[in-house]
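Just below is one structure, and these are the notes that go with it.
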Amino acid sequence: MNKNNETIVAISTGSSSGAISIVRMSGEMSTIIADKIFKAYSGQTPSEFEPRYLNLGNITTENFSEQAMCVVFKAPKSYTGENLVEFQCHGGTQIANGIMKECIKHGARIATNGEFTKRAFLNGKMSLSSAEGMMDMINAESDAEIRAGYELLTGNLSKLAYSSQKELTDILSEIEVSFDYPEEIIEYITKAKVKERLENLSKQMEETIETSETGKMIKSGINVLIVGRPNVGKSSLLNNLLQKEKAIVTDIAGTTRDTVEGTFLLDDIKINLIDTAGIHETQDTVEKIGVDKAKNLISQADIVLFLVDSNREYSADDEEIYNSIKNTKYIILRTKSDLAENNQKHFEDEIEISIKNNQGIDKLKEKILKLTKISNLSSGSVIITNERHKNALIRSNEAIKRAIENIELDSLDLIAIDIKQAYIDIGEITGNTTSEEIIDSIFSKFCLGK
């Protein structure tokens, strides 16, 4: 028997205790199995229920009876596209497990991770990228991740992939029709038009690929690195932004010798804050390791906060730090402005801050958001947050570019091969050209019962 034709069952509400637990069953036998263990107070059994209506009744298992509710979804109008039954019982792992075991006793088997959603994909209820968007929403740690996951779930990337495949199919059809024409007509009908259409498609793909930098920030958070000389207020700033005493703060220079990290939400966007050892010349072996680590992290940061002390002269160490960050996205902060007697600016766009008075912190947050551009994302935006999708687009675009390069050759066979490859590559996004091995790998990352 095909494994995908078997009736599956799982607890969809997790293993912890709660007010309600849901046991979900999907497959051709789901209503038949449900008839054997559930009867509504109306006298009806699940196979007689009107679809999508909750029915109160009793579940009878080998070891106990339970007052519960049951709802039936008939194929194909269900989450999985199959007959689907859900039991809503009192919370607690023992009750839900007992119901699940009773379903297994009557012919169901326990579902594998993500198998309900996998069946939804296999039955054409959603694309592979939409399923991944759902998983992103479940695992989201910020509202920005939820929004990006929702755009995937609702199929905006899928629409782009499908439209690109349609365009590639139309171009390929035009080329294949041209095989029947004389050579001079091939050149007139095909080359100029095909080149223009492929170039437009390539441009669209490149613009989409460029969103992956923003997508990476949405999914992993924005890495904000705090650098500066010792005792300029780096740890105080970290504590202020995190709203807790994460780093030790003293008047002794060199207190922080290793990175101190913390995460906070800024306008619903995850910010990964990294405090570093003060950068300066030192003979202390341990401190030097921290200084070298701080320097190496600069190239990996999305944004660098360069702190300069208002009460000290701008030094050679400051200049060295500035030279190391000037080619990155950076914000210059002049700290301890409440103590400064003669606060001279060294940079036009620097922000004066005082942790004691909470001065300049809101301005700093605004500048961080401005540099990321994430908060300006509109509904319906296609943002690449998944490395698999990015790689599929890159490969497809490379195949299109090869076709454009070969457009001047007399034979159209090579162009047709490249277009077919581009079609296959971009189809991996939606799953219509994806191997079963990759599909299994993706759904294995889902939780049990989803």
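The way I read the labels, and the way they are meant: chains A, B, ... in the order of the structure tokens, residue 1 as the first residue of every chain, and ligand 1 as the first ligand shown, with later ones counted on from there.
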
Among the residues of segment 109-253 of chain A, find those DSSP assigns to helix (DSSP H, G or I) from the backbone and print them as number ranges by chain. A: 115-122, 128-139, 143-153, 156-178, 183-210, 212-220, 234-242

For Ile351 of chain A, please output as a count of residues only all residues within 10 Å (counting only C-alpha atoms; exclusion window: fewer than 5 positions along the same chain). 14

Excluding segment 213-226 of chain A and residues on its chain fewer than 6 positions from it, collect all residues at most 7 Å away from it, counting only C-alpha atoms, and give them as an mmCIF file with C-alpha atoms, in the first residue's frame.
```cif
data_model
loop_
_atom_site.group_PDB
_atom_site.id
_atom_site.type_symbol
_atom_site.label_atom_id
_atom_site.label_comp_id
_atom_site.auth_asym_id
_atom_site.auth_seq_id
_atom_site.Cartn_x
_atom_site.Cartn_y
_atom_site.Cartn_z
ATOM 1 C CA ALA A 144 8.710 40.979 10.707
ATOM 2 C CA GLU A 145 9.330 37.205 10.441
ATOM 3 C CA LYS A 234 29.634 50.363 25.115
ATOM 4 C CA LYS A 270 14.793 41.312 15.921
ATOM 5 C CA ILE A 271 18.057 43.063 16.769
ATOM 6 C CA ASN A 272 21.087 40.956 17.721
ATOM 7 C CA LEU A 273 23.259 43.285 19.784
ATOM 8 C CA ILE A 274 26.958 42.472 20.278
ATOM 9 C CA ASP A 275 29.134 44.359 22.754
ATOM 10 C CA THR A 276 32.895 44.021 22.203
ATOM 11 C CA ALA A 301 27.992 43.022 11.195
ATOM 12 C CA ASP A 302 24.953 44.457 9.414
ATOM 13 C CA ILE A 303 25.367 47.741 11.296
ATOM 14 C CA VAL A 304 28.292 49.006 13.404
ATOM 15 C CA LEU A 305 27.803 51.457 16.278
ATOM 16 C CA PHE A 306 31.062 53.399 16.717
ATOM 17 C CA ILE A 374 12.791 46.389 6.788
ATOM 18 C CA ILE A 383 11.231 38.902 -0.012
ATOM 19 C CA ILE A 384 13.597 35.939 -0.219
ATOM 20 C CA THR A 385 14.091 34.629 3.328
#
```

Among segment 63-265 of chain A, which ones does DSSP assign to strand (DSSP E or B) (computed from the backbone)? Answer as a PyMOL selection string. chain A and resi 65-73+84-90+109-110+222-228+260-265

Can you write out the residues you just picked, keeping N, CA and C atoms, as a PDB file, in the first residue's frame?
```pdb
ATOM      1  N   SER A  65     -13.904   6.788  28.747  1.00  0.00           N
ATOM      2  CA  SER A  65     -14.806   7.548  27.878  1.00  0.00           C
ATOM      3  C   SER A  65     -14.557   9.034  28.136  1.00  0.00           C
ATOM      4  N   GLU A  66     -14.797   9.856  27.136  1.00  0.00           N
ATOM      5  CA  GLU A  66     -14.492  11.284  27.226  1.00  0.00           C
ATOM      6  C   GLU A  66     -15.549  12.087  26.484  1.00  0.00           C
ATOM      7  N   GLN A  67     -16.037  13.153  27.127  1.00  0.00           N
ATOM      8  CA  GLN A  67     -16.929  14.069  26.433  1.00  0.00           C
ATOM      9  C   GLN A  67     -16.064  14.972  25.558  1.00  0.00           C
ATOM     10  N   ALA A  68     -16.364  15.020  24.283  1.00  0.00           N
ATOM     11  CA  ALA A  68     -15.508  15.756  23.352  1.00  0.00           C
ATOM     12  C   ALA A  68     -16.337  16.310  22.196  1.00  0.00           C
ATOM     13  N   MET A  69     -15.636  17.014  21.319  1.00  0.00           N
ATOM     14  CA  MET A  69     -16.274  17.537  20.112  1.00  0.00           C
ATOM     15  C   MET A  69     -15.550  16.981  18.896  1.00  0.00           C
ATOM     16  N   CYS A  70     -16.304  16.817  17.823  1.00  0.00           N
ATOM     17  CA  CYS A  70     -15.732  16.246  16.605  1.00  0.00           C
ATOM     18  C   CYS A  70     -16.198  17.068  15.402  1.00  0.00           C
ATOM     19  N   VAL A  71     -15.262  17.307  14.479  1.00  0.00           N
ATOM     20  CA  VAL A  71     -15.582  18.005  13.240  1.00  0.00           C
ATOM     21  C   VAL A  71     -14.995  17.222  12.074  1.00  0.00           C
ATOM     22  N   VAL A  72     -15.750  17.165  10.992  1.00  0.00           N
ATOM     23  CA  VAL A  72     -15.336  16.414   9.804  1.00  0.00           C
ATOM     24  C   VAL A  72     -15.182  17.366   8.629  1.00  0.00           C
ATOM     25  N   PHE A  73     -14.093  17.189   7.874  1.00  0.00           N
ATOM     26  CA  PHE A  73     -13.859  17.932   6.629  1.00  0.00           C
ATOM     27  C   PHE A  73     -13.778  16.896   5.513  1.00  0.00           C
ATOM     28  N   LEU A  84     -10.793  14.423   6.514  1.00  0.00           N
ATOM     29  CA  LEU A  84     -10.038  14.796   7.706  1.00  0.00           C
ATOM     30  C   LEU A  84     -10.990  14.927   8.888  1.00  0.00           C
ATOM     31  N   VAL A  85     -10.608  14.356  10.024  1.00  0.00           N
ATOM     32  CA  VAL A  85     -11.404  14.404  11.251  1.00  0.00           C
ATOM     33  C   VAL A  85     -10.555  15.005  12.367  1.00  0.00           C
ATOM     34  N   GLU A  86     -11.160  15.889  13.142  1.00  0.00           N
ATOM     35  CA  GLU A  86     -10.476  16.431  14.317  1.00  0.00           C
ATOM     36  C   GLU A  86     -11.345  16.213  15.549  1.00  0.00           C
ATOM     37  N   PHE A  87     -10.711  15.684  16.588  1.00  0.00           N
ATOM     38  CA  PHE A  87     -11.364  15.545  17.888  1.00  0.00           C
ATOM     39  C   PHE A  87     -10.823  16.635  18.814  1.00  0.00           C
ATOM     40  N   GLN A  88     -11.699  17.394  19.425  1.00  0.00           N
ATOM     41  CA  GLN A  88     -11.302  18.385  20.420  1.00  0.00           C
ATOM     42  C   GLN A  88     -11.721  17.862  21.790  1.00  0.00           C
ATOM     43  N   CYS A  89     -10.716  17.501  22.588  1.00  0.00           N
ATOM     44  CA  CYS A  89     -10.976  16.887  23.887  1.00  0.00           C
ATOM     45  C   CYS A  89     -10.423  17.767  25.002  1.00  0.00           C
ATOM     46  N   HIS A  90     -10.671  17.355  26.247  1.00  0.00           N
ATOM     47  CA  HIS A  90     -10.102  18.088  27.367  1.00  0.00           C
ATOM     48  C   HIS A  90      -8.575  17.988  27.316  1.00  0.00           C
ATOM     49  N   ARG A 109      -2.348   5.006  11.344  1.00  0.00           N
ATOM     50  CA  ARG A 109      -0.966   4.942  11.829  1.00  0.00           C
ATOM     51  C   ARG A 109      -0.539   6.338  12.263  1.00  0.00           C
ATOM     52  N   ILE A 110       0.443   6.402  13.138  1.00  0.00           N
ATOM     53  CA  ILE A 110       0.894   7.706  13.617  1.00  0.00           C
ATOM     54  C   ILE A 110       1.589   8.451  12.481  1.00  0.00           C
ATOM     55  N   ILE A 222      18.945  41.464  12.805  1.00  0.00           N
ATOM     56  CA  ILE A 222      19.966  42.410  12.349  1.00  0.00           C
ATOM     57  C   ILE A 222      21.114  42.394  13.347  1.00  0.00           C
ATOM     58  N   ASN A 223      22.300  42.072  12.875  1.00  0.00           N
ATOM     59  CA  ASN A 223      23.470  42.018  13.740  1.00  0.00           C
ATOM     60  C   ASN A 223      24.063  43.419  13.902  1.00  0.00           C
ATOM     61  N   VAL A 224      23.930  43.961  15.105  1.00  0.00           N
ATOM     62  CA  VAL A 224      24.419  45.316  15.398  1.00  0.00           C
ATOM     63  C   VAL A 224      25.601  45.195  16.348  1.00  0.00           C
ATOM     64  N   LEU A 225      26.766  45.633  15.887  1.00  0.00           N
ATOM     65  CA  LEU A 225      28.013  45.520  16.648  1.00  0.00           C
ATOM     66  C   LEU A 225      28.359  46.855  17.296  1.00  0.00           C
ATOM     67  N   ILE A 226      28.713  46.817  18.572  1.00  0.00           N
ATOM     68  CA  ILE A 226      29.119  48.027  19.295  1.00  0.00           C
ATOM     69  C   ILE A 226      30.637  48.024  19.436  1.00  0.00           C
ATOM     70  N   VAL A 227      31.294  49.046  18.891  1.00  0.00           N
ATOM     71  CA  VAL A 227      32.755  49.135  18.980  1.00  0.00           C
ATOM     72  C   VAL A 227      33.176  50.507  19.502  1.00  0.00           C
ATOM     73  N   GLY A 228      34.403  50.583  19.960  1.00  0.00           N
ATOM     74  CA  GLY A 228      34.956  51.840  20.464  1.00  0.00           C
ATOM     75  C   GLY A 228      36.115  51.563  21.396  1.00  0.00           C
ATOM     76  N   VAL A 260      29.727  40.276  24.489  1.00  0.00           N
ATOM     77  CA  VAL A 260      28.523  40.074  25.286  1.00  0.00           C
ATOM     78  C   VAL A 260      27.350  40.309  24.337  1.00  0.00           C
ATOM     79  N   GLU A 261      26.443  39.351  24.253  1.00  0.00           N
ATOM     80  CA  GLU A 261      25.376  39.426  23.256  1.00  0.00           C
ATOM     81  C   GLU A 261      23.996  39.424  23.893  1.00  0.00           C
ATOM     82  N   GLY A 262      23.057  40.011  23.202  1.00  0.00           N
ATOM     83  CA  GLY A 262      21.675  40.023  23.645  1.00  0.00           C
ATOM     84  C   GLY A 262      20.770  40.385  22.489  1.00  0.00           C
ATOM     85  N   THR A 263      19.487  40.052  22.593  1.00  0.00           N
ATOM     86  CA  THR A 263      18.512  40.306  21.528  1.00  0.00           C
ATOM     87  C   THR A 263      17.346  41.116  22.064  1.00  0.00           C
ATOM     88  N   PHE A 264      16.892  42.078  21.271  1.00  0.00           N
ATOM     89  CA  PHE A 264      15.675  42.812  21.618  1.00  0.00           C
ATOM     90  C   PHE A 264      14.902  43.119  20.342  1.00  0.00           C
ATOM     91  N   LEU A 265      13.634  43.460  20.497  1.00  0.00           N
ATOM     92  CA  LEU A 265      12.790  43.790  19.349  1.00  0.00           C
ATOM     93  C   LEU A 265      12.710  45.295  19.188  1.00  0.00           C
TER      94      LEU A 265
END
```

With distances taken over only C-alpha atoms, the candidate from A:Ala277, A:Leu56, A:Ile424, A:Ile429 nearest Ala131 of chain A is A:Ile429

Using only C-alpha atoms, which residues sit within 9 Å of Ser299 of chain A once same-chain residues fewer than 4 positions away are excluded, as a list in words?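 Neighbouring residues, sequence-local ones excluded: Lys295, Ser324, Ile325 and Thr328 of chain A.
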
Write the residues of the preceding selection, restricted to N, CA and C atoms, as a compact mmCIF listing (two decimals), in the first residue's frame.
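The new file selection.txt reads:
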```
# COMPACT_ATOMS: atom_id res chain seq x y z
N LYS A 295 37.68 43.29 16.16
CA LYS A 295 38.05 43.75 14.81
C LYS A 295 37.53 42.79 13.75
N SER A 324 38.48 51.25 10.01
CA SER A 324 38.08 49.85 9.85
C SER A 324 36.58 49.68 9.61
N ILE A 325 35.80 50.73 9.90
CA ILE A 325 34.34 50.61 9.74
C ILE A 325 33.78 51.47 8.62
N THR A 328 31.50 50.13 5.96
CA THR A 328 30.34 49.36 6.39
C THR A 328 29.17 50.31 6.61
```

Of the candidates A:Ala140, A:Val232, A:Leu393, A:Ile442, which one gets nearest to Glu313 of chain A if we count only C-alpha atoms? A:Val232
